[in-house]
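Contents: one structure, followed by commentary.
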Amino acid sequence: MKFFLKLFVLMATIIVISGINELHASITTFEIVKGEKEFYSVNDTVIVKVKVKNTHRVCTIEISDTKFDQKGVKIIGATKWKSNKSGIVNTRKLKLLIEKSDLDKAVLSATRSCEREGSFGSISFPLKKD
């Protein structure tokens with residue numbers, strides 16, 4: 001009886017841990033490549049690298065279906081998406097223009113929506129007070 005109880009607890013733990021790892025179908029991160037500052041002004045340009053890493057091998061949506069939301073920042077240029085050999089990691093560079101805003105910071109976010117929870121990531125740029 002103790003053996004079956006231990007086996008049950010072990011299997012439940014494995015299921016819970018694997019469920020936590022699959023909470024998001026992909027992980028989206030941003031990294032500033034060029035133009036990093038403590039505070040940004042209108043018309044500053046910044047180049048960021050977007051990285052989307054799938055937590056599963058087969059994704060039901062194309063990488064090109066990633067949606068970008070821009071608040072106080074505008075995408076003025078972009079490279080094509082690049083994938084590693086396995087197709088699990090996708091990267092792209094974006095050239096951004098900081099625009100006039102009433103906000104304290106400009107924000108760029110990326111959203112991927114799918115049946116496996118998708119993913120969300122964002123980067124913010126503190127704006128210089130006049």
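In the structure tokens, chains take letters A, B, ... by order of appearance, with residues numbered from 1 within each chain and ligands from 1 in the order shown.
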Exercise. Can you list, as a PyMOL selection string, every protein, DNA or RNA residue that comes within 9 Å of Gly121 in chain A when you count only C-alpha atoms, leaving out same-chain residues fewer than 3 positions away?
Worked result: chain A and resi 27-30+108-111
Selection to disk with N, CA and C atoms, as a short mmCIF file (atom, residue, chain, number, x, y, z; two decimals), in the first residue's frame:
```
data_model
loop_
_atom_site.label_atom_id
_atom_site.label_comp_id
_atom_site.auth_asym_id
_atom_site.auth_seq_id
_atom_site.Cartn_x
_atom_site.Cartn_y
_atom_site.Cartn_z
N ILE A 27 8.26 31.82 -24.67
CA ILE A 27 8.81 32.86 -23.80
C ILE A 27 9.32 33.97 -24.70
N THR A 28 8.84 35.19 -24.48
CA THR A 28 9.23 36.34 -25.31
C THR A 28 10.07 37.29 -24.48
N THR A 29 11.27 37.61 -24.98
CA THR A 29 12.16 38.53 -24.29
C THR A 29 12.66 39.61 -25.25
N PHE A 30 13.07 40.73 -24.69
CA PHE A 30 13.62 41.85 -25.45
C PHE A 30 15.00 42.19 -24.91
N LEU A 108 6.92 48.83 -25.62
CA LEU A 108 6.70 47.94 -26.75
C LEU A 108 6.41 46.56 -26.18
N SER A 109 5.32 45.96 -26.60
CA SER A 109 5.01 44.62 -26.11
C SER A 109 4.72 43.70 -27.29
N ALA A 110 4.95 42.42 -27.06
CA ALA A 110 4.70 41.39 -28.07
C ALA A 110 3.76 40.35 -27.47
N THR A 111 2.77 39.95 -28.25
CA THR A 111 1.79 38.98 -27.80
C THR A 111 1.66 37.88 -28.84
#
```
Exercise. What's the 12 Å shell around Cys114 in chain A, counting only C-alpha atoms, without same-chain residues fewer than 4 positions away, as a PyMOL selection string?
Worked result: chain A and resi 24-26+54+58-63+65-66+118-120
If we count only C-alpha atoms and set the cut-off at 9 Å, which residues sit around Glu31 in chain A, ignoring sequence neighbours fewer than 2 positions away in its own chain? Please answer as a JSON list (two decimals) with N, CA and C atoms, in the first residue's frame.
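Resulting contents of result-v6.json:
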```json
[["chain", "number", "residue", "atom", "x", "y", "z"],
["A", 29, "THR", "N", 11.27, 37.61, -24.98],
["A", 29, "THR", "CA", 12.16, 38.53, -24.29],
["A", 29, "THR", "C", 12.66, 39.61, -25.25],
["A", 33, "VAL", "N", 19.91, 46.45, -28.29],
["A", 33, "VAL", "CA", 21.15, 46.20, -29.03],
["A", 33, "VAL", "C", 21.93, 47.49, -29.23],
["A", 47, "ILE", "N", 17.48, 50.21, -31.12],
["A", 47, "ILE", "CA", 17.36, 48.92, -31.80],
["A", 47, "ILE", "C", 17.26, 47.84, -30.73],
["A", 48, "VAL", "N", 16.21, 47.05, -30.82],
["A", 48, "VAL", "CA", 16.00, 45.96, -29.87],
["A", 48, "VAL", "C", 15.96, 44.63, -30.61],
["A", 49, "LYS", "N", 16.35, 43.59, -29.89],
["A", 49, "LYS", "CA", 16.28, 42.23, -30.41],
["A", 49, "LYS", "C", 15.14, 41.53, -29.66],
["A", 50, "VAL", "N", 14.22, 40.97, -30.43],
["A", 50, "VAL", "CA", 13.11, 40.21, -29.86],
["A", 50, "VAL", "C", 13.46, 38.73, -30.00],
["A", 51, "LYS", "N", 13.28, 37.99, -28.91],
["A", 51, "LYS", "CA", 13.56, 36.55, -28.94],
["A", 51, "LYS", "C", 12.31, 35.81, -28.46],
["A", 123, "ILE", "N", 9.02, 45.59, -23.18],
["A", 123, "ILE", "CA", 10.19, 46.37, -22.80],
["A", 123, "ILE", "C", 9.73, 47.81, -22.69]]
```
Exercise. Quick one, how far is CA of Lys74 in chain A from CA of Leu97 in chain A?
Worked result: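 Computing the Euclidean distance for CA of Lys74 in chain A and CA of Leu97 in chain A yields 5.1 Å.
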Problem set entry | d(CA of Glu115 in chain A, CA of Lys67 in chain A) in Å | 15.8 Å
Exercise. At what distance in Å, to one decimal, does CA of Ser124 in chain A lie from CA of Asn84 in chain A?
Worked result: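 Spanning CA of Asn84 in chain A to CA of Ser124 in chain A is a straight-line distance of 26.8 Å.
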Problem set entry | Contacts of Ser101 in chain A within 7 Å, only C-alpha atoms, excl. fewer than 2 positions in-chain, as a list in words |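 Everything that qualifies: Gly72, Glu99 and Leu103 of chain A.
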For this session: Would you please work out which residue, of A:Val52, A:Ile75, A:Leu127, A:Ile32, is nearest to Ala106 in chain A when using only C-alpha atoms?
Result: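 The shortest atom-to-atom distance to Ala106 in chain A comes from A:Leu127.
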Problem set entry | Distance criterion (only C-alpha atoms): nearest to Val73 in chain A out of A:Val107, A:His56, A:Ser86, A:Ser41 |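 Residue with the minimum atom-to-atom distance to Val73 in chain A: A:Val107.
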Problem set entry | Residue set, range 66-114 of chain A restricted to strand (DSSP E or B), as an NGL selection string | :A and (67-71 or 73-78 or 82-83 or 89-98 or 105-112)
Exercise. A:Lys105, A:Ala78, A:Leu94, A:Val46: which is nearest Pro126 in chain A, counting only C-alpha atoms?
Worked result: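 Residue with the minimum atom-to-atom distance to Pro126 in chain A: A:Lys105.
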Exercise. Which one is closest to Ile98 in chain A: A:Glu117, A:Phe125, A:Val42, A:Lys80? Count only C-alpha atoms.
Worked result: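 Among A:Glu117, A:Phe125, A:Val42, A:Lys80, it is A:Val42 that comes nearest to Ile98 in chain A.
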